[in-house]
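Trainee: My structure is in structure_12.cif, and what it holds is mmCIF, C-alpha atoms:
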```
data_query
#
loop_
_atom_site.label_atom_id
_atom_site.label_comp_id
_atom_site.auth_asym_id
_atom_site.auth_seq_id
_atom_site.Cartn_x
_atom_site.Cartn_y
_atom_site.Cartn_z
CA MET Z 1 173.54 58.17 -53.49
CA ARG Z 2 170.81 58.65 -50.90
CA LEU Z 3 172.70 56.58 -48.34
CA LEU Z 4 176.04 58.22 -49.17
CA LYS Z 5 174.71 61.51 -47.75
CA PHE Z 6 173.85 59.82 -44.45
CA LEU Z 7 177.30 58.22 -44.39
CA MET Z 8 178.88 61.68 -44.73
CA VAL Z 9 176.70 63.12 -41.93
CA GLY Z 10 177.59 60.10 -39.78
CA ILE Z 11 181.30 60.69 -40.38
CA LEU Z 12 180.89 64.34 -39.37
CA PHE Z 13 179.04 63.18 -36.23
CA GLY Z 14 181.86 60.75 -35.36
CA ILE Z 15 184.46 63.50 -35.68
CA VAL Z 16 182.34 65.84 -33.55
CA MET Z 17 181.85 63.16 -30.86
CA THR Z 18 185.62 62.61 -30.81
CA LYS Z 19 186.73 66.23 -30.70
CA SER Z 20 183.98 67.30 -28.27
CA GLU Z 21 185.25 64.55 -25.91
CA ALA Z 22 181.60 63.50 -25.39
CA VAL Z 23 182.90 59.94 -25.98
CA SER Z 24 184.98 60.11 -22.79
CA TRP Z 25 184.01 57.99 -19.75
CA PHE Z 26 185.94 60.57 -17.71
CA ARG Z 27 183.91 63.51 -19.12
CA ILE Z 28 180.66 61.71 -18.28
CA GLN Z 29 181.88 61.13 -14.71
CA GLU Z 30 182.83 64.82 -14.50
CA MET Z 31 179.32 65.75 -15.70
CA PHE Z 32 177.46 63.55 -13.20
CA ARG Z 33 179.71 64.90 -10.43
CA PHE Z 34 178.91 68.50 -11.51
CA GLN Z 35 182.64 69.29 -11.57
CA ALA Z 36 182.87 71.10 -14.91
CA PHE Z 37 180.65 72.96 -17.33
CA HIS Z 38 182.03 71.18 -20.43
CA MET Z 39 179.24 68.61 -21.11
CA TYR Z 40 176.50 71.01 -19.97
CA GLY Z 41 177.93 73.61 -22.36
CA ILE Z 42 177.86 71.15 -25.28
CA ILE Z 43 174.31 69.93 -24.66
CA GLY Z 44 173.11 73.44 -23.71
CA VAL Z 45 174.40 75.08 -26.91
CA ALA Z 46 172.99 72.22 -29.02
CA VAL Z 47 169.56 72.56 -27.36
CA VAL Z 48 169.37 76.38 -27.53
CA THR Z 49 170.51 76.62 -31.16
CA GLY Z 50 168.32 73.60 -31.95
CA ALA Z 51 165.32 75.34 -30.38
CA VAL Z 52 165.89 78.42 -32.57
CA MET Z 53 166.18 76.12 -35.59
CA HIS Z 54 162.95 74.26 -34.75
CA PHE Z 55 161.13 77.57 -34.20
CA MET Z 56 162.27 79.01 -37.52
CA MET Z 57 161.57 75.81 -39.44
CA LYS Z 58 158.04 75.62 -38.05
CA LYS Z 59 157.35 79.28 -38.95
CA GLY Z 60 159.01 79.20 -42.33
CA GLN Z 61 157.40 76.08 -43.86
CA PHE Z 62 160.77 75.04 -45.29
CA LYS Z 63 161.13 72.12 -47.66
CA ASN Z 64 163.57 69.30 -47.14
CA ASN Z 65 165.90 67.70 -49.68
CA ASN Z 66 163.01 65.57 -51.00
CA GLY Z 67 160.84 68.64 -51.65
CA GLU Z 68 158.44 67.91 -48.76
CA VAL Z 69 157.49 70.58 -46.22
CA ILE Z 70 159.40 69.84 -42.98
CA ARG Z 71 157.11 68.70 -40.17
CA PHE Z 72 157.95 67.62 -36.65
CA ALA Z 73 156.20 64.75 -34.89
CA ASP Z 74 155.49 65.10 -31.18
CA LYS Z 75 157.06 62.51 -28.87
CA PRO Z 76 154.39 60.11 -27.53
CA LYS Z 77 153.13 61.28 -24.13
CA THR Z 78 154.16 58.10 -22.36
CA TYR Z 79 155.54 59.69 -19.22
CA ILE Z 80 155.93 56.48 -17.20
CA ALA Z 81 158.07 55.02 -19.99
CA SER Z 82 160.06 58.27 -20.12
CA ILE Z 83 160.89 58.25 -16.42
CA ILE Z 84 161.55 54.51 -15.93
CA GLY Z 85 163.32 54.05 -19.27
CA GLY Z 86 165.23 57.28 -18.79
CA THR Z 87 166.42 56.21 -15.34
CA SER Z 88 167.52 52.86 -16.73
CA PHE Z 89 169.50 54.54 -19.51
CA GLY Z 90 171.02 56.94 -16.98
CA LEU Z 91 172.24 54.01 -14.87
CA GLY Z 92 173.96 52.53 -17.92
CA TRP Z 93 175.27 55.88 -19.18
CA ALA Z 94 177.20 56.56 -15.98
CA LEU Z 95 178.47 52.96 -15.63
CA THR Z 96 179.77 52.59 -19.19
CA GLY Z 97 180.48 56.30 -19.72
CA ALA Z 98 178.88 56.20 -23.15
CA CYS Z 99 175.59 56.79 -24.86
CA PRO Z 100 174.55 55.06 -28.10
CA GLY Z 101 176.26 57.48 -30.54
CA PRO Z 102 179.64 57.51 -28.80
CA LEU Z 103 179.55 53.69 -28.55
CA TYR Z 104 179.82 53.56 -32.35
CA THR Z 105 182.52 56.22 -32.43
CA LEU Z 106 184.62 54.41 -29.78
CA LEU Z 107 184.64 51.36 -32.07
CA GLY Z 108 186.22 53.57 -34.70
CA HIS Z 109 188.92 54.44 -32.18
CA GLY Z 110 189.78 50.75 -32.05
CA TYR Z 111 188.41 49.99 -28.57
CA TRP Z 112 186.99 46.54 -29.39
CA ILE Z 113 185.89 46.02 -25.78
CA VAL Z 114 183.03 48.39 -26.63
CA LEU Z 115 181.54 45.55 -28.73
CA VAL Z 116 180.66 43.89 -25.40
CA VAL Z 117 178.74 47.01 -24.33
CA ILE Z 118 176.96 47.28 -27.71
CA GLY Z 119 176.10 43.56 -27.65
CA SER Z 120 174.67 43.93 -24.13
CA ALA Z 121 172.70 47.00 -25.26
CA LEU Z 122 171.19 45.00 -28.13
CA LEU Z 123 170.21 42.29 -25.63
CA GLY Z 124 168.60 45.01 -23.48
CA ALA Z 125 166.69 46.35 -26.49
CA MET Z 126 165.52 42.82 -27.27
CA VAL Z 127 164.31 42.24 -23.71
CA TYR Z 128 162.38 45.52 -23.91
CA GLY Z 129 160.85 44.44 -27.21
CA GLY Z 130 159.80 41.13 -25.65
CA LEU Z 131 158.34 42.64 -22.48
CA ARG Z 132 156.85 45.75 -24.12
CA SER Z 133 153.18 44.76 -23.85
CA ARG Z 134 153.60 43.94 -20.15
CA LEU Z 135 155.45 47.11 -19.13
CA PRO Z 136 153.67 50.29 -17.99
CA HIS Z 137 153.97 53.19 -20.43
CA MET F 138 199.11 77.22 -36.58
CA ASN F 139 197.73 75.36 -39.61
CA ILE F 140 194.19 74.03 -39.95
CA ILE F 141 195.11 70.48 -38.85
CA GLU F 142 196.80 71.76 -35.70
CA PHE F 143 193.78 73.98 -35.03
CA LEU F 144 191.32 71.07 -35.42
CA SER F 145 193.55 68.76 -33.35
CA GLN F 146 192.99 70.71 -30.17
CA PRO F 147 190.03 69.56 -28.09
CA TRP F 148 187.13 71.68 -29.33
CA HIS F 149 185.56 74.31 -27.12
CA TRP F 150 182.16 73.20 -25.85
CA SER F 151 180.38 75.98 -27.76
CA ILE F 152 181.85 74.78 -31.09
CA SER F 153 180.95 71.17 -30.25
CA GLY F 154 177.39 72.14 -29.32
CA LEU F 155 176.96 74.09 -32.56
CA MET F 156 178.29 71.19 -34.60
CA ILE F 157 175.86 68.73 -32.95
CA SER F 158 173.05 71.14 -33.77
CA PHE F 159 174.32 71.24 -37.37
CA VAL F 160 174.25 67.42 -37.57
CA MET F 161 170.63 67.52 -36.33
CA PHE F 162 169.83 70.13 -39.01
CA LEU F 163 171.43 68.02 -41.77
CA LEU F 164 169.42 64.93 -40.78
CA ILE F 165 166.17 66.95 -40.74
CA TYR F 166 167.06 68.47 -44.10
CA LEU F 167 167.64 64.97 -45.48
CA GLY F 168 164.11 64.06 -44.34
CA GLN F 169 165.00 62.15 -41.15
CA ARG F 170 165.55 62.89 -37.48
CA PHE F 171 168.41 62.74 -35.01
CA GLY F 172 168.05 59.70 -32.73
CA VAL F 173 170.85 57.17 -32.55
CA SER F 174 169.35 54.57 -30.19
CA SER F 175 166.67 53.62 -32.75
CA SER F 176 169.53 51.92 -34.57
CA TYR F 177 169.43 49.18 -31.88
CA ASP F 178 165.90 48.30 -32.98
CA ALA F 179 167.03 48.18 -36.59
CA LEU F 180 170.01 45.94 -35.71
CA CYS F 181 167.76 43.56 -33.71
CA THR F 182 165.35 43.40 -36.67
CA MET F 183 168.18 42.77 -39.12
CA GLY F 184 169.44 39.98 -36.88
CA GLY F 185 166.08 38.23 -37.13
CA ALA F 186 164.53 39.19 -33.77
CA GLY F 187 161.24 39.82 -35.60
CA LYS F 188 160.68 36.05 -35.87
CA PHE F 189 160.24 35.80 -32.10
CA ILE F 190 159.24 39.30 -31.01
CA ASP F 191 156.52 41.27 -32.80
CA TYR F 192 158.07 44.63 -31.83
CA PHE F 193 160.96 43.90 -34.20
CA ASN F 194 158.78 42.53 -36.98
CA VAL F 195 159.11 45.68 -39.09
CA ASP F 196 160.91 46.63 -42.29
CA TRP F 197 164.44 47.51 -41.20
CA LYS F 198 165.11 49.04 -44.61
CA LYS F 199 163.16 52.09 -43.42
CA ARG F 200 166.01 52.62 -40.97
CA ASP F 201 168.83 51.71 -43.35
CA TRP F 202 169.86 55.39 -43.34
CA LEU F 203 170.40 55.21 -39.58
CA LEU F 204 172.60 52.12 -39.83
CA VAL F 205 174.66 53.90 -42.48
CA PHE F 206 174.83 56.93 -40.17
CA GLY F 207 176.12 54.61 -37.39
CA LEU F 208 178.72 53.21 -39.78
CA GLY F 209 179.72 56.81 -40.51
CA ALA F 210 180.03 57.48 -36.76
CA ILE F 211 182.53 54.59 -36.56
CA ILE F 212 184.53 55.88 -39.56
CA GLY F 213 184.35 59.44 -38.17
CA GLY F 214 185.88 58.19 -34.92
CA GLY F 215 188.79 56.70 -36.86
CA ILE F 216 189.27 59.93 -38.82
CA GLY F 217 188.93 61.99 -35.64
CA ILE F 218 191.90 60.34 -33.96
CA SER F 219 193.98 59.61 -37.07
CA PHE F 220 193.97 63.11 -38.54
CA PHE F 221 192.84 65.39 -35.70
CA GLY F 222 193.97 63.40 -32.64
CA SER F 223 194.74 65.52 -29.57
CA PRO F 224 198.36 65.43 -28.32
CA LEU F 225 197.16 65.07 -24.71
CA PRO F 226 194.54 62.83 -23.05
CA VAL F 227 191.16 64.32 -22.09
CA GLN F 228 191.79 66.90 -19.36
CA VAL F 229 189.02 66.61 -16.80
CA SER F 230 188.84 68.83 -13.72
CA GLU F 231 191.17 68.30 -10.75
CA ALA F 232 188.20 67.42 -8.55
CA THR F 233 187.17 64.62 -10.94
CA VAL F 234 190.73 63.27 -11.11
CA THR F 235 190.87 63.15 -7.30
CA ASP F 236 187.45 61.48 -6.98
CA LEU F 237 188.27 58.84 -9.59
CA GLN F 238 191.70 58.12 -8.13
CA ASN F 239 190.04 57.64 -4.73
CA LEU F 240 187.85 55.02 -6.41
CA GLY F 241 191.03 53.36 -7.70
CA VAL F 242 190.55 54.33 -11.36
CA MET F 243 193.71 55.24 -13.31
CA VAL F 244 193.35 58.67 -14.96
CA PRO F 245 195.77 58.96 -17.92
CA THR F 246 198.12 61.94 -17.85
CA THR F 247 200.06 61.16 -21.02
CA ILE F 248 198.81 59.97 -24.40
CA GLU F 249 200.89 56.78 -23.92
CA GLU F 250 198.70 55.94 -20.90
CA GLY F 251 195.55 56.49 -22.95
CA ARG F 252 193.40 59.09 -24.67
CA GLY F 253 191.11 59.36 -21.67
CA PHE F 254 188.20 58.00 -23.70
CA ILE F 255 187.69 54.72 -21.83
CA PRO F 256 189.07 53.67 -18.42
CA HIS F 257 191.47 50.98 -19.65
CA ASP F 258 192.21 49.43 -16.25
CA ILE F 259 188.56 48.57 -15.55
CA MET F 260 187.22 48.16 -19.12
CA ASN F 261 189.12 45.42 -20.91
CA PHE F 262 188.57 41.82 -21.98
CA GLU F 263 190.33 40.32 -18.92
CA ALA F 264 187.99 42.31 -16.63
CA LEU F 265 185.05 40.38 -18.14
CA ALA F 266 186.12 37.45 -15.96
CA SER F 267 185.26 39.48 -12.83
CA LEU F 268 181.93 40.53 -11.36
CA GLN F 269 183.16 44.13 -11.47
CA GLY F 270 183.75 43.97 -15.22
CA ILE F 271 180.41 42.22 -15.86
CA LEU F 272 178.53 44.88 -13.89
CA LEU F 273 180.30 47.78 -15.60
CA MET F 274 180.18 46.58 -19.19
CA VAL F 275 177.46 43.93 -19.55
CA VAL F 276 174.89 45.18 -17.04
CA GLY F 277 175.75 48.80 -17.94
CA GLY F 278 175.25 48.06 -21.63
CA PHE F 279 172.01 46.19 -20.94
CA PHE F 280 170.62 49.24 -19.10
CA ILE F 281 171.52 51.45 -22.07
CA GLY F 282 169.67 49.28 -24.58
CA PHE F 283 166.68 48.50 -22.38
CA GLY F 284 166.37 52.08 -21.12
CA THR F 285 166.73 53.92 -24.41
CA ARG F 286 164.14 51.74 -26.11
CA TYR F 287 161.75 51.94 -23.14
CA ALA F 288 162.12 55.72 -22.96
CA GLY F 289 162.01 56.01 -26.76
CA GLY F 290 165.29 57.88 -27.09
CA CYS F 291 168.75 58.63 -25.75
CA THR F 292 170.85 61.77 -25.53
CA SER F 293 170.35 62.62 -29.21
CA GLY F 294 166.64 61.81 -29.46
CA HIS F 295 165.44 63.15 -26.11
CA ALA F 296 168.07 65.51 -24.61
CA ILE F 297 168.91 67.31 -27.87
CA THR F 298 166.10 66.77 -30.40
CA GLY F 299 163.28 66.47 -27.85
CA LEU F 300 164.27 69.34 -25.59
CA SER F 301 164.97 71.68 -28.51
CA ASN F 302 161.50 70.83 -29.89
CA LEU F 303 160.00 71.58 -26.43
CA GLN F 304 158.72 68.03 -25.83
CA LEU F 305 157.59 67.41 -22.26
CA PRO F 306 158.11 63.61 -22.46
CA SER F 307 161.74 64.35 -23.37
CA LEU F 308 162.21 66.60 -20.34
CA VAL F 309 160.85 63.78 -18.16
CA ALA F 310 163.26 61.34 -19.84
CA VAL F 311 166.23 63.67 -19.27
CA ILE F 312 165.28 63.95 -15.59
CA GLY F 313 165.33 60.14 -15.59
CA PHE F 314 168.79 60.14 -17.24
CA PHE F 315 170.07 62.19 -14.31
CA ILE F 316 168.29 60.15 -11.63
CA GLY F 317 169.92 57.01 -13.03
CA GLY F 318 173.26 58.68 -13.67
CA LEU F 319 173.50 60.06 -10.15
CA ILE F 320 172.55 56.69 -8.61
CA SER F 321 175.26 54.97 -10.68
CA THR F 322 177.87 57.63 -9.96
CA PHE F 323 177.36 58.03 -6.23
CA VAL F 324 175.92 54.66 -5.15
CA LEU F 325 176.68 51.88 -7.65
CA LEU F 326 180.17 52.84 -8.84
CA PRO F 327 181.64 53.15 -5.33
CA MET F 328 180.11 49.72 -4.53
CA ILE F 329 181.32 48.10 -7.76
CA LEU F 330 184.83 49.58 -7.60
CA GLY F 331 185.14 49.41 -3.81
#
```
Could the structure of this file be written out as structure tokens, please?
Mentor:
Amino acid sequence: MRLLKFLMVGILFGIVMTKSEAVSWFRIQEMFRFQAFHMYGIIGVAVVTGAVMHFMMKKGQFKNNNGEVIRFADKPKTYIASIIGGTSFGLGWALTGACPGPLYTLLGHGYWIVLVVIGSALLGAMVYGGLRSRLPH
Amino acid sequence: MNIIEFLSQPWHWSISGLMISFVMFLLIYLGQRFGVSSSYDALCTMGGAGKFIDYFNVDWKKRDWLLVFGLGAIIGGGIGISFFGSPLPVQVSEATVTDLQNLGVMVPTTIEEGRGFIPHDIMNFEALASLQGILLMVVGGFFIGFGTRYAGGCTSGHAITGLSNLQLPSLVAVIGFFIGGLISTFVLLPMILG
């Protein structure tokens, strides 16, 4: 039952990724070439409405589905990791035209070639895990 | 126009943005957070990477919800095109079409040529036999996995959750996303496709 709820939210997310066209390699190219507002509009609206939501949830002491007061953890202040890791992800995002969420959704569209990208991403995650203690954070 | 026809149009960016925010809200309400790239860690752990690498030696069952969410994202993709599929491929701007054609990439104009989700002429199994295909798909994918885990998040975790929670490390990561994205778009892609 618990997992069924997450499955439903995931399905909603997959539909949103499809209909927003955020899954499109061409949309990502358009974004990085600053040739349309589309992707900036999507991310911008999500961030602004999300900021209002975070603000209200912090003020209101709301409880989640499990009856616990909702709290938000701060991201670790590892700025070197943020900039180097972020740049690495950006390189891959523009080459493959997909970020991690859309990669799953594209599989659902029947583009099996995306399995190669996901497999390579898992290899990348594994290499990070292996080198973690030796990388600057 | 019935509801299916209405939903089958490409959604306006404001609707899409609101819906992504709603997904983030639902995950927070269910006691979790919105961050898809953490699922790579969970998949590595499930696959047994914890035997060799301490980083993955954790209980993946704590992230079982995220794997189920990922499964949902796959199913949602299938539903998205089966029931609400757009009649036309993705319509990017004229300037983008021109730029991509100059790079030799086919931009679909009819749904028979493609939905405009992936560039079929450069991303396919035959292309894996070429350096171009390896760089685009294998090296590109590697950068996604390595980078998102190093930075501790991707578009969902940093650009949307992190920025909307006013996290400075997330802003730095998003600046990184653009540094990398611009290098790939304006330096690497022309070299790879040239």
Trainee: So that I can check the surroundings of Z:Leu135, please list as an NGL selection string every protein, DNA and RNA residue that reaches within 10 Å of it, counting only C-alpha atoms and ignoring chain neighbours fewer than 4 positions away.
Mentor: (:Z and (80-81 or 128 or 130-131)) or (:F and (287))
Trainee: I'd like to see the residues matched by the PyMOL selection byres ((chain F and resi 212) around 12) on this file, and ideally I'd get them as a ChimeraX atom specification.
Mentor: /Z:7-18,102,104-110 /F:205-211,213-220
Trainee: Please tell me which residues are no farther than 12 Å from (165.3, 43.3, -33.9) in the file, counting all atoms listed in the file, and write them as a PyMOL selection string.
Mentor: (chain Z and resi 121-130) or (chain F and resi 175-197+200+282+286)
Trainee: Could you check which of F:Leu330, F:Leu225, F:Val244, F:Leu237 is closest to F:Ser267, using all atoms listed in the file?
Mentor: F:Leu330
Trainee: Atom CA of F:Ile141 and atom CA of F:Phe254 are how many Å apart?
Mentor: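 Going from atom CA of F:Ile141 over to atom CA of F:Phe254, I get 20.8 Å.
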Trainee: Between Z:Gln35, Z:Asn66, Z:Thr78, Z:Ser20, single out the one closest to F:Ser230, counting only C-alpha atoms.
Mentor: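 Smallest separation from F:Ser230 among the options: Z:Gln35.
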Trainee: Could you tell me how far atom CA of F:Ile316 sits from atom CA of F:Met328, in Å to one decimal place?
Mentor: 17.3 Å
Trainee: To one decimal place, how far is atom CA of Z:Thr49 from atom CA of Z:Ile84 in Å?
Mentor: 28.3 Å
Trainee: Name all residues at most 7 Å from F:Gly154 (count only C-alpha atoms; drop same-chain ones fewer than 3 positions away) and give them as a tab-separated table (two decimals) with C-alpha atoms, keeping the file's coordinate frame.
Mentor:
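The result, written out as part.tsv:
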```
chain	number	residue	atom	x	y	z
Z	42	ILE	CA	177.86	71.15	-25.28
Z	43	ILE	CA	174.31	69.93	-24.66
Z	45	VAL	CA	174.40	75.08	-26.91
Z	46	ALA	CA	172.99	72.22	-29.02
F	150	TRP	CA	182.16	73.20	-25.85
F	151	SER	CA	180.38	75.98	-27.76
F	157	ILE	CA	175.86	68.73	-32.95
F	158	SER	CA	173.05	71.14	-33.77
```
Trainee: Could you write out as a PyMOL selection string the residues that the PyMOL selection byres ((chain F and resi 233) around 9) matches in the shown file?
Mentor: (chain Z and resi 26-27+29-30+33+35-36) or (chain F and resi 229-232+234-238)
Trainee: Within 7 Å of (170.3, 47.4, -16.4) (coordinates as in the file), grab all the protein and nucleic acid residues, counting all atoms listed in the file, and write them out as a list in words.
Mentor: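 Those residues lying close to the given coordinates are Ser88 and Gly92 of chain Z; Val276, Gly277, Phe279 and Phe280 of chain F.
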Trainee: Give the padded box for stretch 26-38 of chain Z as AutoDock Vina command-line options: axis-aligned, covering all atoms listed in the file, 4 Å on each side, centre and edge lengths in Å to one decimal.
Mentor:
```
--center_x 181.7 --center_y 66.8 --center_z -15.4 --size_x 16.5 --size_y 20.4 --size_z 18.0
```
Trainee: Can you translate the PyMOL selection byres ((chain F and resi 318-320) around 9) into the concrete residues it hits in this file, as a PyMOL selection string?
Mentor: (chain Z and resi 32-33+87-95) or (chain F and resi 313-317+321-326)
Trainee: From the set F:Ile140, F:Gly253, F:Ile329, F:Gly270, which residue has the shortest atom-to-atom contact distance to chain Z, counting all atoms listed in the file?
Mentor: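 Once distances to chain Z are computed over all atoms listed in the file, the minimum belongs to F:Gly253.
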Trainee: From the set Z:Lys5, Z:Val69, Z:Tyr40, Z:Val117, which residue has the shortest atom-to-atom contact distance to chain F, counting only C-alpha atoms?
Mentor: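 Selected residue with least distance to chain F: Z:Val117.
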Trainee: Find, counting all atoms listed in the file, the residue in Z:Met39, Z:Ala51, Z:Ile70, Z:Ala22 that gets nearest to chain F.
Mentor: Z:Ala51
